[in-house]
Structure formats: C-alpha cells, structure tokens
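In what follows, a single structure is set out as structure tokens and then discussed.
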Amino acid sequence: MINFFHKNIAHGPEYVCTCCNQLWHKCSVVKCDANKYKVCSPEVVESCLTGFKSADNAEWICMTCDSNLKKGELPSCSKASKMGFPYRPDVLNLTSLEE
C-alpha cells in the first residue's frame with residue numbers, strides 16, 4: 001500500500017482541472033471529453049470546459065466536476081459558478097504546490 005501511495009503522488013499536484021482550476025494528482029483527474037456530457041445543456045458544457053491544457057499538454061477535469069457534469073449539474077466549484085482563486089501578486093514567488 002505504501003508503494004502504491006508513493007506511485008500515485010510521485011508527480012505531485014500538477015494536473016489543472018479545466019472547470020474549477022484546482023491542482024490535482026493524476027489519480028484524481030481524467031482527460032476531458034465534451035462528448036461525455038450529453039445530459040448537460042451545451043451552454044453549461046461550453047462555460048465549464050475552458051480548453052485549458054496542463055500536464056502532458058492535455059485538458060484535464062477533476063472527478064468532482066466530471067461527476068457533476070455527467071449528472072447534468074453545474075459544478076459548484078467551477079469558474080462558471082463564479083468561483084475562483086484570488087489574484088496572486090507577482091512579489092510572491094510561489095511554486096505551483098505553494099499556490
């Protein structure tokens with residue numbers, strides 16, 4: 001179990017969810033595919049899937065946002081719900097993990 005844990009977190013949280021903009025480990029995201037969200041209205045899908053690419057030059061979505069969109073719901077933490085992180089001043093030289 002310890003080796004499994006270390007394998008899952010080896011690369012750190014470098015996968016950015018296209019919908020909520022949060023950082024995740026690879027085991028917590030899936031590659032984004034708009035065709036999976038046929039239950040949602042096209043407007044919701046368009047507002048949630050931003051096209052932002054992060055690790056492996058791919059668009060990722062976290063399990064929470066993915067699950068909500070599959071149910072036809074707007075994810076509560078999505079940028080489309082006006083959720084987001086505060087502006088980070090340039091004087092703070094933070095790593096992605098510190099952010």
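Ligands are numbered from 1 in the order shown, residues from 1 within each chain, and chains are lettered A, B, ... in the order they appear in the structure tokens.
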Taking the backbone alone, and naming residues the way the document does, which bits of chain A are alpha helix (DSSP H) by DSSP, as a PyMOL selection string? chain A and resi 2-8+42-48+63-70
How about saving the chosen residues, C-alpha atoms kept, as a PDB file, in the first residue's frame?
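In the end it all went to part_9.pdb:
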ATOM      1  CA  ILE A   2       2.830   2.394   0.761  1.00  0.00           C
ATOM      2  CA  ASN A   3       4.408   1.784  -2.648  1.00  0.00           C
ATOM      3  CA  PHE A   4       1.011   2.297  -4.307  1.00  0.00           C
ATOM      4  CA  PHE A   5       0.621   5.609  -2.448  1.00  0.00           C
ATOM      5  CA  HIS A   6       4.098   6.801  -3.461  1.00  0.00           C
ATOM      6  CA  LYS A   7       3.432   5.863  -7.085  1.00  0.00           C
ATOM      7  CA  ASN A   8       0.177   7.849  -7.098  1.00  0.00           C
ATOM      8  CA  PRO A  42     -24.425  22.961 -24.460  1.00  0.00           C
ATOM      9  CA  GLU A  43     -24.179  26.314 -22.659  1.00  0.00           C
ATOM     10  CA  VAL A  44     -23.140  24.652 -19.381  1.00  0.00           C
ATOM     11  CA  VAL A  45     -20.582  22.446 -21.108  1.00  0.00           C
ATOM     12  CA  GLU A  46     -19.174  25.411 -23.017  1.00  0.00           C
ATOM     13  CA  SER A  47     -18.894  27.533 -19.865  1.00  0.00           C
ATOM     14  CA  CYS A  48     -17.212  24.745 -17.864  1.00  0.00           C
ATOM     15  CA  MET A  63     -13.512  13.677 -10.701  1.00  0.00           C
ATOM     16  CA  THR A  64     -15.881  16.023  -8.865  1.00  0.00           C
ATOM     17  CA  CYS A  65     -16.527  18.310 -11.840  1.00  0.00           C
ATOM     18  CA  ASP A  66     -16.686  15.302 -14.176  1.00  0.00           C
ATOM     19  CA  SER A  67     -19.299  13.616 -11.970  1.00  0.00           C
ATOM     20  CA  ASN A  68     -21.434  16.762 -11.725  1.00  0.00           C
ATOM     21  CA  LEU A  69     -21.392  17.351 -15.470  1.00  0.00           C
ATOM     22  CA  LYS A  70     -22.330  13.709 -16.148  1.00  0.00           C
TER      23      LYS A  70
END
Counting only C-alpha atoms, what is within 7 Å of Leu23 in chain A, bar same-chain residues fewer than 2 positions away, as a PDB file with N, CA and C atoms, in the first residue's frame?
ATOM      1  N   PRO A  13       0.780  17.483  -7.403  1.00  0.00           N
ATOM      2  CA  PRO A  13      -0.458  18.015  -7.964  1.00  0.00           C
ATOM      3  C   PRO A  13      -0.166  18.988  -9.111  1.00  0.00           C
ATOM      4  N   GLU A  14       0.052  18.462 -10.298  1.00  0.00           N
ATOM      5  CA  GLU A  14       0.383  19.312 -11.448  1.00  0.00           C
ATOM      6  C   GLU A  14      -0.669  19.242 -12.544  1.00  0.00           C
ATOM      7  N   TYR A  15      -1.801  18.611 -12.263  1.00  0.00           N
ATOM      8  CA  TYR A  15      -2.888  18.497 -13.225  1.00  0.00           C
ATOM      9  C   TYR A  15      -3.958  19.526 -12.868  1.00  0.00           C
ATOM     10  N   VAL A  16      -4.229  20.460 -13.761  1.00  0.00           N
ATOM     11  CA  VAL A  16      -5.173  21.536 -13.503  1.00  0.00           C
ATOM     12  C   VAL A  16      -6.524  21.175 -14.112  1.00  0.00           C
ATOM     13  N   CYS A  17      -7.562  21.233 -13.299  1.00  0.00           N
ATOM     14  CA  CYS A  17      -8.917  20.970 -13.788  1.00  0.00           C
ATOM     15  C   CYS A  17      -9.366  22.141 -14.659  1.00  0.00           C
ATOM     16  N   ASN A  21     -10.228  24.887 -12.037  1.00  0.00           N
ATOM     17  CA  ASN A  21      -8.888  25.474 -11.982  1.00  0.00           C
ATOM     18  C   ASN A  21      -8.082  25.048 -10.757  1.00  0.00           C
TER      19      ASN A  21
END
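Checking A:Ala34, A:Leu49, A:Cys40, A:Ala58 one by one against Thr18 in chain A, counting only C-alpha atoms, you find the shortest gap at A:Leu49.
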Considering only strand (DSSP E or B) as DSSP defines it on the backbone, what residues of chain A qualify? List them as a PDB file with N, CA and C atoms, in the first residue's frame.
ATOM      1  N   TYR A  15      -1.801  18.611 -12.263  1.00  0.00           N
ATOM      2  CA  TYR A  15      -2.888  18.497 -13.225  1.00  0.00           C
ATOM      3  C   TYR A  15      -3.958  19.526 -12.868  1.00  0.00           C
ATOM      4  N   VAL A  16      -4.229  20.460 -13.761  1.00  0.00           N
ATOM      5  CA  VAL A  16      -5.173  21.536 -13.503  1.00  0.00           C
ATOM      6  C   VAL A  16      -6.524  21.175 -14.112  1.00  0.00           C
ATOM      7  N   CYS A  17      -7.562  21.233 -13.299  1.00  0.00           N
ATOM      8  CA  CYS A  17      -8.917  20.970 -13.788  1.00  0.00           C
ATOM      9  C   CYS A  17      -9.366  22.141 -14.659  1.00  0.00           C
ATOM     10  N   LEU A  23      -5.590  22.380  -8.587  1.00  0.00           N
ATOM     11  CA  LEU A  23      -4.498  21.452  -8.859  1.00  0.00           C
ATOM     12  C   LEU A  23      -4.804  20.091  -8.259  1.00  0.00           C
ATOM     13  N   TRP A  24      -4.510  19.029  -9.019  1.00  0.00           N
ATOM     14  CA  TRP A  24      -4.815  17.674  -8.583  1.00  0.00           C
ATOM     15  C   TRP A  24      -3.666  16.738  -8.929  1.00  0.00           C
ATOM     16  N   VAL A  29      -7.879  12.999 -11.635  1.00  0.00           N
ATOM     17  CA  VAL A  29      -8.387  13.650 -12.833  1.00  0.00           C
ATOM     18  C   VAL A  29      -8.544  12.644 -13.975  1.00  0.00           C
ATOM     19  N   VAL A  30      -9.315  13.024 -14.972  1.00  0.00           N
ATOM     20  CA  VAL A  30      -9.444  12.251 -16.207  1.00  0.00           C
ATOM     21  C   VAL A  30      -9.295  13.232 -17.367  1.00  0.00           C
ATOM     22  N   LYS A  31      -8.922  12.698 -18.535  1.00  0.00           N
ATOM     23  CA  LYS A  31      -8.846  13.559 -19.708  1.00  0.00           C
ATOM     24  C   LYS A  31     -10.250  14.032 -20.051  1.00  0.00           C
ATOM     25  N   TRP A  60      -7.573  18.437 -18.674  1.00  0.00           N
ATOM     26  CA  TRP A  60      -7.963  17.526 -17.605  1.00  0.00           C
ATOM     27  C   TRP A  60      -9.175  18.072 -16.871  1.00  0.00           C
ATOM     28  N   ILE A  61      -9.949  17.171 -16.285  1.00  0.00           N
ATOM     29  CA  ILE A  61     -11.080  17.567 -15.445  1.00  0.00           C
ATOM     30  C   ILE A  61     -11.072  16.688 -14.202  1.00  0.00           C
ATOM     31  N   CYS A  62     -11.301  17.295 -13.040  1.00  0.00           N
ATOM     32  CA  CYS A  62     -11.267  16.530 -11.788  1.00  0.00           C
ATOM     33  C   CYS A  62     -12.509  15.645 -11.692  1.00  0.00           C
TER      34      CYS A  62
END
Determine the nearest neighbour of Asp33 in chain A from the options A:Phe52, A:Asn93, A:Glu59, A:Ile9, counting only C-alpha atoms. A:Glu59
Between CA of Asp56 in chain A and CA of Cys27 in chain A, what is the spacing in Å? 14.2 Å
Work out how far apart CA of Lys38 in chain A and CA of Cys19 in chain A are and give it in Å to one decimal. 16.4 Å
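Between CA of Lys82 in chain A and CA of Thr95 in chain A lies a distance of 24.8 Å.
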